[in-house]
Amino acid sequence: MNTTNHLRVALIQSDLIWENPTANRKKFEEKINGLLDEIDLIVLPEMFTTGFTMNASAVAETIEGETVQWLQDLAQKKTTAITGSIVIRENDRFYNRLLFVHPSGKIDSYNKKHTFTLAGEHEVFSAGTEKIIVDYRGWKICPLICYDLRFPVWARNTENYDLLLYVASWPKPRIEAWDSLLKARAIENMTYTAGVNRVGVDPNKYEYTGNTVCYDTLGNCLAKNNLGSEETLIVKLNKQEQTKIRDRFRFLDDQDTFILQ
C-alpha cells in the first residue's frame, strides 16, 4: 500500500437533487472531474444520491448497484478514495451505509449506528453495530454519519486513528450544535476532524446551510464554508505534525478506561 505523510482531502459541499441518484451522480462526477489539485480522498455528504429520505423502498440500491459501480469506476479513474453514504437494501433490510471506496475498487463500509429518531429513521433503517477504522495510505480513518456526532463515546479514539470523518444532512436550526460538536470531537480525540454537510432546501422544507469544516488536532479551523453555498474545500493534512502534537501533550494517554456495551 502507498503511504503518505500528507493527505489531500476534498470536502464537497453540495445541494442534492431529491431522490434522483442518476442526476446526483452526474452532478458529483462533474464536480470531481473539475478538481484541479491531486487529491487522495474525496468526501461526499450523507445520502448523497437521494437527500435524507425515509422513502427507502423507492430509492434503495444493492451493493452491486449502479452507484457502487460508479464509485469504483471513478475512484479507479481518478486514483483517489471516495466516501459518502447511500441507501442500501440488504437481506430485506435498509441501511444508511457509508461506503469508503479505495482506488483499487476495494470497499470498506459502515452502517449508521445512531439512526435519527426525530425523523423516524429508526423505523425505516436498521442500525449498524460496528465501528470501523479504514486503513488508507498509512492513515487510520474513522468514518461516521451525521447523528453519530452527538454521541462522543462512539467516536472515542481508542484505536489511535488519524482522521475522524462525518458525512451529514444536518439542518439549519441545529447548525450551532454541528459546529460545536465537531470542534469538540477534534479536541477530545486529538485528531483531524472533518464534517461534510449538504446545502439547499429539501421537499420537506428543511434548509441546510452546509458549514462543512475541517479542524486540526487542537481544534483550530483549517477550512470552512458557512455561507450556504456549493463549494469544494481542499485541505492538506500532515500526519507527522499531528504525531508531534500528540507526543508533546499526550492527552490520549489519560483517557478513562471502559468498554462500550
# chains A, B, ... in the order shown; residues from 1 in each chain; ligands from 1

$ select_by_dssp --residues "segment 65-186 of chain A" --states "strand (DSSP E)" --output "PyMOL selection string"
chain A and resi 81-90+93-101+107-111+134-136+139-145+163-168

$ select_by_dssp --residues "segment 88-202 of chain A" --states "alpha helix (DSSP H)" --output "PyMOL selection string"
chain A and resi 121-124+152-155+175-189

$ write_last_selection --atoms "N, CA and C atoms" --output "compact mmCIF listing (two decimals), in the first residue's frame"
# COMPACT_ATOMS: atom_id res chain seq x y z
N GLU A 121 -36.05 7.77 11.36
CA GLU A 121 -35.09 6.94 10.64
C GLU A 121 -35.02 5.53 11.23
N HIS A 122 -35.21 5.43 12.54
CA HIS A 122 -35.13 4.13 13.22
C HIS A 122 -36.27 3.19 12.82
N GLU A 123 -37.35 3.75 12.27
CA GLU A 123 -38.49 2.94 11.85
C GLU A 123 -38.31 2.38 10.43
N VAL A 124 -37.35 2.93 9.70
CA VAL A 124 -37.12 2.54 8.31
C VAL A 124 -35.79 1.81 8.13
N PRO A 152 -20.36 11.07 21.77
CA PRO A 152 -18.90 11.09 21.78
C PRO A 152 -18.24 9.75 22.10
N VAL A 153 -18.93 8.90 22.85
CA VAL A 153 -18.31 7.62 23.20
C VAL A 153 -18.09 6.77 21.95
N TRP A 154 -19.01 6.87 20.98
CA TRP A 154 -18.90 6.08 19.75
C TRP A 154 -17.67 6.50 18.93
N ALA A 155 -17.29 7.77 19.04
CA ALA A 155 -16.15 8.28 18.27
C ALA A 155 -14.85 8.22 19.07
N ILE A 175 -27.62 23.99 13.53
CA ILE A 175 -26.28 24.05 12.96
C ILE A 175 -25.22 24.49 13.99
N GLU A 176 -25.63 25.22 15.03
CA GLU A 176 -24.66 25.59 16.06
C GLU A 176 -24.15 24.36 16.80
N ALA A 177 -25.02 23.37 16.98
CA ALA A 177 -24.60 22.12 17.61
C ALA A 177 -23.58 21.41 16.72
N TRP A 178 -23.82 21.40 15.42
CA TRP A 178 -22.89 20.81 14.46
C TRP A 178 -21.50 21.44 14.61
N ASP A 179 -21.46 22.76 14.62
CA ASP A 179 -20.19 23.47 14.73
C ASP A 179 -19.47 23.13 16.03
N SER A 180 -20.21 23.18 17.12
CA SER A 180 -19.61 22.97 18.44
C SER A 180 -19.14 21.53 18.64
N LEU A 181 -19.96 20.57 18.20
CA LEU A 181 -19.64 19.17 18.43
C LEU A 181 -18.46 18.71 17.58
N LEU A 182 -18.38 19.18 16.35
CA LEU A 182 -17.23 18.80 15.51
C LEU A 182 -15.92 19.29 16.11
N LYS A 183 -15.92 20.53 16.59
CA LYS A 183 -14.71 21.06 17.21
C LYS A 183 -14.37 20.27 18.47
N ALA A 184 -15.39 19.93 19.23
CA ALA A 184 -15.16 19.14 20.45
C ALA A 184 -14.59 17.77 20.14
N ARG A 185 -15.11 17.11 19.08
CA ARG A 185 -14.59 15.79 18.71
C ARG A 185 -13.12 15.88 18.33
N ALA A 186 -12.72 16.93 17.64
CA ALA A 186 -11.31 17.10 17.27
C ALA A 186 -10.44 17.24 18.51
N ILE A 187 -10.88 18.08 19.45
CA ILE A 187 -10.08 18.37 20.64
C ILE A 187 -9.98 17.14 21.53
N GLU A 188 -11.11 16.50 21.81
CA GLU A 188 -11.09 15.40 22.78
C GLU A 188 -10.40 14.15 22.24
N ASN A 189 -10.42 13.97 20.91
CA ASN A 189 -9.78 12.81 20.30
C ASN A 189 -8.40 13.11 19.74

$ residues_around --residues "segment 49-66 of chain A" --least-positions-apart "2" --cutoff "7 Å" --atoms "only C-alpha atoms" --output "PyMOL selection string"
chain A and resi 16-21+24-25+47+68-70+86-90+94+121+124+169

$ closest_residue --among "A:Ile133, A:Val43, A:Ala75, A:Ala127" --to "Ser104 of chain A" --atoms "only C-alpha atoms"
A:Ala75

$ atom_distance --atom1 "atom CA of Ser109 of chain A" --atom2 "atom CA of Thr212 of chain A"
22.0 Å

$ residues_around --residues "segment 218-229 of chain A" --least-positions-apart "2" --cutoff "9 Å" --atoms "only C-alpha atoms" --output "mmCIF file with all heavy atoms, in the first residue's frame"
data_model
loop_
_atom_site.group_PDB
_atom_site.id
_atom_site.type_symbol
_atom_site.label_atom_id
_atom_site.label_comp_id
_atom_site.auth_asym_id
_atom_site.auth_seq_id
_atom_site.Cartn_x
_atom_site.Cartn_y
_atom_site.Cartn_z
ATOM 1 N N GLN A 13 -19.204 20.193 -0.577
ATOM 2 C CA GLN A 13 -20.468 20.717 -0.040
ATOM 3 C C GLN A 13 -21.375 21.035 -1.218
ATOM 4 O O GLN A 13 -21.049 21.871 -2.061
ATOM 5 C CB GLN A 13 -20.201 21.974 0.793
ATOM 6 C CG GLN A 13 -21.453 22.639 1.336
ATOM 7 C CD GLN A 13 -21.127 23.682 2.373
ATOM 8 O OE1 GLN A 13 -20.662 23.370 3.463
ATOM 9 N NE2 GLN A 13 -21.367 24.951 2.055
ATOM 10 N N SER A 14 -22.524 20.362 -1.264
ATOM 11 C CA SER A 14 -23.374 20.470 -2.452
ATOM 12 C C SER A 14 -24.846 20.398 -2.085
ATOM 13 O O SER A 14 -25.233 19.796 -1.072
ATOM 14 C CB SER A 14 -23.044 19.330 -3.426
ATOM 15 O OG SER A 14 -23.878 19.364 -4.566
ATOM 16 N N ASP A 15 -25.685 20.994 -2.921
ATOM 17 C CA ASP A 15 -27.123 20.742 -2.884
ATOM 18 C C ASP A 15 -27.352 19.339 -3.444
ATOM 19 O O ASP A 15 -26.506 18.804 -4.179
ATOM 20 C CB ASP A 15 -27.856 21.785 -3.725
ATOM 21 C CG ASP A 15 -29.350 21.847 -3.423
ATOM 22 O OD1 ASP A 15 -29.841 21.016 -2.630
ATOM 23 O OD2 ASP A 15 -30.016 22.724 -3.999
ATOM 24 N N LEU A 182 -18.375 19.181 16.352
ATOM 25 C CA LEU A 182 -17.231 18.805 15.515
ATOM 26 C C LEU A 182 -15.917 19.294 16.109
ATOM 27 O O LEU A 182 -14.918 18.563 16.145
ATOM 28 C CB LEU A 182 -17.406 19.355 14.091
ATOM 29 C CG LEU A 182 -18.326 18.565 13.174
ATOM 30 C CD1 LEU A 182 -18.638 19.366 11.920
ATOM 31 C CD2 LEU A 182 -17.697 17.230 12.796
ATOM 32 N N LYS A 183 -15.919 20.527 16.587
ATOM 33 C CA LYS A 183 -14.707 21.060 17.212
ATOM 34 C C LYS A 183 -14.365 20.270 18.473
ATOM 35 O O LYS A 183 -13.191 19.960 18.731
ATOM 36 C CB LYS A 183 -14.887 22.538 17.536
ATOM 37 C CG LYS A 183 -13.620 23.202 18.046
ATOM 38 C CD LYS A 183 -13.779 24.710 18.142
ATOM 39 C CE LYS A 183 -12.469 25.368 18.554
ATOM 40 N NZ LYS A 183 -12.578 26.846 18.570
ATOM 41 N N ALA A 184 -15.394 19.926 19.234
ATOM 42 C CA ALA A 184 -15.163 19.141 20.453
ATOM 43 C C ALA A 184 -14.590 17.767 20.139
ATOM 44 O O ALA A 184 -13.665 17.299 20.826
ATOM 45 C CB ALA A 184 -16.470 18.983 21.230
ATOM 46 N N ARG A 185 -15.112 17.115 19.078
ATOM 47 C CA ARG A 185 -14.593 15.794 18.712
ATOM 48 C C ARG A 185 -13.116 15.876 18.333
ATOM 49 O O ARG A 185 -12.334 14.981 18.655
ATOM 50 C CB ARG A 185 -15.383 15.202 17.547
ATOM 51 C CG ARG A 185 -16.859 14.874 17.750
ATOM 52 C CD ARG A 185 -17.130 13.813 18.774
ATOM 53 N NE ARG A 185 -17.220 14.400 20.096
ATOM 54 C CZ ARG A 185 -18.312 14.972 20.590
ATOM 55 N NH1 ARG A 185 -19.418 15.037 19.883
ATOM 56 N NH2 ARG A 185 -18.311 15.483 21.809
ATOM 57 N N ALA A 186 -12.723 16.933 17.642
ATOM 58 C CA ALA A 186 -11.308 17.098 17.271
ATOM 59 C C ALA A 186 -10.440 17.242 18.515
ATOM 60 O O ALA A 186 -9.397 16.596 18.639
ATOM 61 C CB ALA A 186 -11.149 18.313 16.365
ATOM 62 N N ILE A 187 -10.880 18.081 19.450
ATOM 63 C CA ILE A 187 -10.081 18.366 20.639
ATOM 64 C C ILE A 187 -9.980 17.141 21.534
ATOM 65 O O ILE A 187 -8.892 16.767 21.982
ATOM 66 C CB ILE A 187 -10.685 19.559 21.411
ATOM 67 C CG1 ILE A 187 -10.568 20.844 20.566
ATOM 68 C CG2 ILE A 187 -10.003 19.731 22.769
ATOM 69 C CD1 ILE A 187 -11.363 22.014 21.117
ATOM 70 N N GLU A 188 -11.110 16.497 21.813
ATOM 71 C CA GLU A 188 -11.093 15.396 22.783
ATOM 72 C C GLU A 188 -10.401 14.151 22.240
ATOM 73 O O GLU A 188 -9.854 13.354 23.015
ATOM 74 C CB GLU A 188 -12.520 15.059 23.223
ATOM 75 C CG GLU A 188 -13.380 14.410 22.163
ATOM 76 C CD GLU A 188 -14.858 14.479 22.483
ATOM 77 O OE1 GLU A 188 -15.236 15.231 23.405
ATOM 78 O OE2 GLU A 188 -15.647 13.803 21.800
ATOM 79 N N MET A 190 -7.956 14.360 19.862
ATOM 80 C CA MET A 190 -6.654 14.787 19.354
ATOM 81 C C MET A 190 -6.427 14.301 17.927
ATOM 82 O O MET A 190 -5.429 13.641 17.611
ATOM 83 C CB MET A 190 -5.529 14.292 20.261
ATOM 84 C CG MET A 190 -5.501 14.947 21.626
ATOM 85 S SD MET A 190 -3.850 14.899 22.371
ATOM 86 C CE MET A 190 -3.020 16.181 21.433
ATOM 87 N N THR A 191 -7.359 14.641 17.048
ATOM 88 C CA THR A 191 -7.285 14.149 15.685
ATOM 89 C C THR A 191 -7.848 15.165 14.702
ATOM 90 O O THR A 191 -8.718 15.989 15.054
ATOM 91 C CB THR A 191 -8.063 12.827 15.552
ATOM 92 O OG1 THR A 191 -7.778 12.238 14.288
ATOM 93 C CG2 THR A 191 -9.560 13.029 15.682
ATOM 94 N N TYR A 192 -7.354 15.113 13.471
ATOM 95 C CA TYR A 192 -8.016 15.857 12.405
ATOM 96 C C TYR A 192 -9.469 15.402 12.339
ATOM 97 O O TYR A 192 -9.759 14.192 12.383
ATOM 98 C CB TYR A 192 -7.346 15.585 11.062
ATOM 99 C CG TYR A 192 -5.985 16.213 10.887
ATOM 100 C CD1 TYR A 192 -4.842 15.428 10.773
ATOM 101 C CD2 TYR A 192 -5.840 17.600 10.818
ATOM 102 C CE1 TYR A 192 -3.585 15.999 10.593
ATOM 103 C CE2 TYR A 192 -4.598 18.185 10.635
ATOM 104 C CZ TYR A 192 -3.479 17.378 10.527
ATOM 105 O OH TYR A 192 -2.247 17.960 10.354
ATOM 106 N N THR A 193 -10.371 16.370 12.235
ATOM 107 C CA THR A 193 -11.801 16.060 12.188
ATOM 108 C C THR A 193 -12.462 16.898 11.099
ATOM 109 O O THR A 193 -12.322 18.120 11.081
ATOM 110 C CB THR A 193 -12.469 16.345 13.541
ATOM 111 O OG1 THR A 193 -11.863 15.529 14.545
ATOM 112 C CG2 THR A 193 -13.955 16.040 13.499
ATOM 113 N N ARG A 198 -24.560 18.990 3.551
ATOM 114 C CA ARG A 198 -25.170 19.465 2.306
ATOM 115 C C ARG A 198 -25.693 20.887 2.463
ATOM 116 O O ARG A 198 -25.747 21.440 3.566
ATOM 117 C CB ARG A 198 -26.314 18.552 1.883
ATOM 118 C CG ARG A 198 -27.492 18.548 2.862
ATOM 119 C CD ARG A 198 -28.770 18.031 2.205
ATOM 120 N NE ARG A 198 -29.221 18.945 1.161
ATOM 121 C CZ ARG A 198 -30.328 18.764 0.427
ATOM 122 N NH1 ARG A 198 -31.086 17.693 0.639
ATOM 123 N NH2 ARG A 198 -30.672 19.621 -0.489
ATOM 124 N N VAL A 199 -26.104 21.490 1.357
ATOM 125 C CA VAL A 199 -26.786 22.777 1.359
ATOM 126 C C VAL A 199 -28.108 22.630 0.601
ATOM 127 O O VAL A 199 -28.405 21.578 0.035
ATOM 128 C CB VAL A 199 -25.921 23.893 0.716
ATOM 129 C CG1 VAL A 199 -24.697 24.173 1.555
ATOM 130 C CG2 VAL A 199 -25.524 23.523 -0.706
ATOM 131 N N GLY A 200 -28.905 23.708 0.602
ATOM 132 C CA GLY A 200 -30.162 23.703 -0.138
ATOM 133 C C GLY A 200 -31.372 23.455 0.755
ATOM 134 O O GLY A 200 -31.269 23.412 1.981
ATOM 135 N N TYR A 208 -30.621 23.563 4.648
ATOM 136 C CA TYR A 208 -29.276 23.139 5.032
ATOM 137 C C TYR A 208 -28.282 24.219 4.631
ATOM 138 O O TYR A 208 -28.263 24.646 3.475
ATOM 139 C CB TYR A 208 -28.909 21.822 4.349
ATOM 140 C CG TYR A 208 -29.888 20.707 4.628
ATOM 141 C CD1 TYR A 208 -30.999 20.514 3.815
ATOM 142 C CD2 TYR A 208 -29.714 19.847 5.707
ATOM 143 C CE1 TYR A 208 -31.911 19.502 4.064
ATOM 144 C CE2 TYR A 208 -30.613 18.820 5.968
ATOM 145 C CZ TYR A 208 -31.713 18.659 5.143
ATOM 146 O OH TYR A 208 -32.617 17.656 5.401
ATOM 147 N N THR A 209 -27.468 24.633 5.582
ATOM 148 C CA THR A 209 -26.523 25.719 5.314
ATOM 149 C C THR A 209 -25.088 25.236 5.160
ATOM 150 O O THR A 209 -24.171 26.038 5.029
ATOM 151 C CB THR A 209 -26.569 26.763 6.453
ATOM 152 O OG1 THR A 209 -26.298 26.106 7.699
ATOM 153 C CG2 THR A 209 -27.928 27.426 6.515
ATOM 154 N N GLY A 210 -24.886 23.931 5.203
ATOM 155 C CA GLY A 210 -23.541 23.400 4.996
ATOM 156 C C GLY A 210 -22.698 23.429 6.257
ATOM 157 O O GLY A 210 -22.759 22.532 7.086
ATOM 158 N N ASN A 211 -21.894 24.494 6.375
ATOM 159 C CA ASN A 211 -20.925 24.580 7.464
ATOM 160 C C ASN A 211 -19.942 23.408 7.436
ATOM 161 O O ASN A 211 -19.484 22.932 8.475
ATOM 162 C CB ASN A 211 -21.609 24.674 8.828
ATOM 163 C CG ASN A 211 -22.259 26.034 9.051
ATOM 164 O OD1 ASN A 211 -22.873 26.587 8.136
ATOM 165 N ND2 ASN A 211 -22.141 26.567 10.251
ATOM 166 N N THR A 212 -19.658 22.953 6.227
ATOM 167 C CA THR A 212 -18.606 21.956 6.041
ATOM 168 C C THR A 212 -17.302 22.530 6.586
ATOM 169 O O THR A 212 -16.969 23.691 6.348
ATOM 170 C CB THR A 212 -18.479 21.602 4.549
ATOM 171 O OG1 THR A 212 -19.667 20.909 4.154
ATOM 172 C CG2 THR A 212 -17.254 20.745 4.278
ATOM 173 N N VAL A 213 -16.554 21.701 7.325
ATOM 174 C CA VAL A 213 -15.417 22.238 8.074
ATOM 175 C C VAL A 213 -14.374 21.155 8.309
ATOM 176 O O VAL A 213 -14.687 19.957 8.297
ATOM 177 C CB VAL A 213 -15.904 22.821 9.424
ATOM 178 C CG1 VAL A 213 -16.422 21.716 10.334
ATOM 179 C CG2 VAL A 213 -14.827 23.648 10.116
ATOM 180 N N CYS A 214 -13.142 21.583 8.538
ATOM 181 C CA CYS A 214 -12.083 20.675 8.974
ATOM 182 C C CYS A 214 -11.296 21.337 10.091
ATOM 183 O O CYS A 214 -10.905 22.507 9.975
ATOM 184 C CB CYS A 214 -11.147 20.322 7.819
ATOM 185 S SG CYS A 214 -9.879 19.098 8.270
ATOM 186 N N TYR A 215 -11.094 20.595 11.187
ATOM 187 C CA TYR A 215 -10.314 21.074 12.330
ATOM 188 C C TYR A 215 -9.040 20.255 12.467
ATOM 189 O O TYR A 215 -9.003 19.081 12.102
ATOM 190 C CB TYR A 215 -11.119 20.945 13.633
ATOM 191 C CG TYR A 215 -12.320 21.844 13.693
ATOM 192 C CD1 TYR A 215 -13.598 21.333 13.507
ATOM 193 C CD2 TYR A 215 -12.189 23.207 13.948
ATOM 194 C CE1 TYR A 215 -14.718 22.157 13.567
ATOM 195 C CE2 TYR A 215 -13.294 24.039 14.006
ATOM 196 C CZ TYR A 215 -14.560 23.510 13.819
ATOM 197 O OH TYR A 215 -15.659 24.325 13.874
ATOM 198 N N ASP A 216 -8.021 20.867 13.058
ATOM 199 C CA ASP A 216 -6.799 20.124 13.317
ATOM 200 C C ASP A 216 -6.846 19.480 14.698
ATOM 201 O O ASP A 216 -7.872 19.522 15.395
ATOM 202 C CB ASP A 216 -5.561 21.002 13.117
ATOM 203 C CG ASP A 216 -5.354 22.036 14.228
ATOM 204 O OD1 ASP A 216 -6.090 22.017 15.245
ATOM 205 O OD2 ASP A 216 -4.442 22.878 14.088
ATOM 206 N N GLU A 231 -19.541 24.427 -2.588
ATOM 207 C CA GLU A 231 -18.103 24.670 -2.677
ATOM 208 C C GLU A 231 -17.363 23.376 -2.344
ATOM 209 O O GLU A 231 -17.843 22.562 -1.549
ATOM 210 C CB GLU A 231 -17.652 25.761 -1.695
ATOM 211 C CG GLU A 231 -16.164 26.110 -1.815
ATOM 212 C CD GLU A 231 -15.697 27.144 -0.811
ATOM 213 O OE1 GLU A 231 -16.515 27.601 0.014
ATOM 214 O OE2 GLU A 231 -14.496 27.480 -0.832
ATOM 215 N N LEU A 233 -14.009 22.277 -0.583
ATOM 216 C CA LEU A 233 -12.887 22.717 0.241
ATOM 217 C C LEU A 233 -11.759 21.703 0.127
ATOM 218 O O LEU A 233 -11.993 20.502 0.233
ATOM 219 C CB LEU A 233 -13.319 22.836 1.705
ATOM 220 C CG LEU A 233 -14.486 23.774 2.012
ATOM 221 C CD1 LEU A 233 -14.824 23.713 3.494
ATOM 222 C CD2 LEU A 233 -14.155 25.196 1.599
ATOM 223 N N ILE A 234 -10.556 22.188 -0.083
ATOM 224 C CA ILE A 234 -9.382 21.324 -0.169
ATOM 225 C C ILE A 234 -8.523 21.558 1.065
ATOM 226 O O ILE A 234 -8.136 22.691 1.359
ATOM 227 C CB ILE A 234 -8.543 21.611 -1.436
ATOM 228 C CG1 ILE A 234 -9.421 21.576 -2.693
ATOM 229 C CG2 ILE A 234 -7.381 20.629 -1.523
ATOM 230 C CD1 ILE A 234 -10.001 20.231 -3.006
ATOM 231 N N VAL A 235 -8.239 20.474 1.799
ATOM 232 C CA VAL A 235 -7.375 20.584 2.976
ATOM 233 C C VAL A 235 -6.223 19.602 2.836
ATOM 234 O O VAL A 235 -6.386 18.504 2.300
ATOM 235 C CB VAL A 235 -8.144 20.325 4.286
ATOM 236 C CG1 VAL A 235 -9.115 21.448 4.567
ATOM 237 C CG2 VAL A 235 -8.863 18.993 4.259
ATOM 238 N N LYS A 236 -5.061 20.015 3.315
ATOM 239 C CA LYS A 236 -3.882 19.161 3.293
ATOM 240 C C LYS A 236 -3.508 18.835 4.732
ATOM 241 O O LYS A 236 -3.160 19.726 5.514
ATOM 242 C CB LYS A 236 -2.721 19.861 2.577
ATOM 243 C CG LYS A 236 -1.499 18.978 2.362
ATOM 244 C CD LYS A 236 -0.427 19.726 1.569
ATOM 245 C CE LYS A 236 0.791 18.848 1.299
ATOM 246 N NZ LYS A 236 1.841 19.578 0.536
ATOM 247 N N ILE A 245 2.359 16.773 17.913
ATOM 248 C CA ILE A 245 1.468 17.395 18.898
ATOM 249 C C ILE A 245 1.000 16.364 19.919
ATOM 250 O O ILE A 245 0.980 16.614 21.132
ATOM 251 C CB ILE A 245 0.273 18.056 18.188
ATOM 252 C CG1 ILE A 245 0.749 19.240 17.342
ATOM 253 C CG2 ILE A 245 -0.778 18.522 19.208
ATOM 254 C CD1 ILE A 245 -0.309 19.816 16.433
#

$ residues_around --residues "Asp40 of chain A" --least-positions-apart "3" --cutoff "7 Å" --atoms "only C-alpha atoms" --output "MDAnalysis selection string"
chainID A and resid 7:9 80:81

$ write_last_selection --atoms "C-alpha atoms" --output "compact mmCIF listing (two decimals), in the first residue's frame"
# COMPACT_ATOMS: atom_id res chain seq x y z
CA LEU A 7 -3.30 13.51 2.94
CA ARG A 8 -5.04 15.84 0.49
CA VAL A 9 -8.78 15.80 1.11
CA THR A 80 -8.36 8.56 -5.24
CA ALA A 81 -10.59 7.21 -2.50

$ atom_distance --atom1 "atom CA of Ala168 of chain A" --atom2 "atom CA of Ile132 of chain A"
17.4 Å

$ residues_around --residues "Leu36 of chain A" --least-positions-apart "5" --cutoff "12 Å" --atoms "only C-alpha atoms" --output "count of residues only"
5

$ atom_distance --atom1 "atom CA of Arg246 of chain A" --atom2 "atom CA of Tyr166 of chain A"
21.8 Å

$ residues_around --residues "Asp256 of chain A" --least-positions-apart "4" --cutoff "12 Å" --atoms "only C-alpha atoms" --output "list in words"
Val153, Arg156, Asn157, Thr158, Phe251, Leu252 and Leu260 of chain A

$ write_last_selection --atoms "all heavy atoms" --output "compact mmCIF listing (two decimals), in the first residue's frame"
# COMPACT_ATOMS: atom_id res chain seq x y z
N VAL A 153 -18.93 8.90 22.85
CA VAL A 153 -18.31 7.62 23.20
C VAL A 153 -18.09 6.77 21.95
O VAL A 153 -17.11 6.04 21.84
CB VAL A 153 -19.18 6.87 24.23
CG1 VAL A 153 -18.64 5.46 24.48
CG2 VAL A 153 -19.22 7.63 25.54
N ARG A 156 -14.89 7.76 20.29
CA ARG A 156 -13.75 7.77 21.19
C ARG A 156 -12.52 7.14 20.54
O ARG A 156 -12.58 6.03 20.03
CB ARG A 156 -14.13 7.04 22.47
CG ARG A 156 -13.18 7.18 23.62
CD ARG A 156 -13.87 6.72 24.91
NE ARG A 156 -12.94 6.72 26.03
CZ ARG A 156 -12.28 5.64 26.43
NH1 ARG A 156 -12.46 4.49 25.82
NH2 ARG A 156 -11.46 5.70 27.47
N ASN A 157 -11.41 7.85 20.61
CA ASN A 157 -10.22 7.45 19.86
C ASN A 157 -9.37 6.44 20.63
O ASN A 157 -8.26 6.73 21.07
CB ASN A 157 -9.38 8.67 19.48
CG ASN A 157 -8.31 8.34 18.46
OD1 ASN A 157 -8.23 7.21 17.98
ND2 ASN A 157 -7.51 9.32 18.10
N THR A 158 -9.89 5.23 20.75
CA THR A 158 -9.13 4.16 21.39
C THR A 158 -8.26 3.41 20.39
O THR A 158 -7.41 2.60 20.78
CB THR A 158 -10.08 3.16 22.06
OG1 THR A 158 -10.99 2.65 21.09
CG2 THR A 158 -10.86 3.83 23.18
N PHE A 251 -2.45 13.73 25.76
CA PHE A 251 -3.75 13.73 26.42
C PHE A 251 -4.47 12.39 26.27
O PHE A 251 -5.21 11.97 27.17
CB PHE A 251 -4.64 14.86 25.88
CG PHE A 251 -4.10 16.25 26.12
CD1 PHE A 251 -4.26 17.24 25.17
CD2 PHE A 251 -3.45 16.55 27.30
CE1 PHE A 251 -3.78 18.52 25.39
CE2 PHE A 251 -2.95 17.83 27.54
CZ PHE A 251 -3.12 18.82 26.57
N LEU A 252 -4.27 11.72 25.14
CA LEU A 252 -4.97 10.45 24.91
C LEU A 252 -4.50 9.37 25.89
O LEU A 252 -5.24 8.41 26.14
CB LEU A 252 -4.76 9.98 23.47
CG LEU A 252 -5.44 10.83 22.37
CD1 LEU A 252 -5.09 10.27 21.00
CD2 LEU A 252 -6.94 10.89 22.57
N LEU A 260 -17.50 -0.18 25.79
CA LEU A 260 -18.84 0.17 25.33
C LEU A 260 -19.64 -1.10 25.12
O LEU A 260 -19.24 -2.00 24.37
CB LEU A 260 -18.74 0.96 24.03
CG LEU A 260 -20.05 1.44 23.41
CD1 LEU A 260 -20.75 2.42 24.34
CD2 LEU A 260 -19.80 2.09 22.06
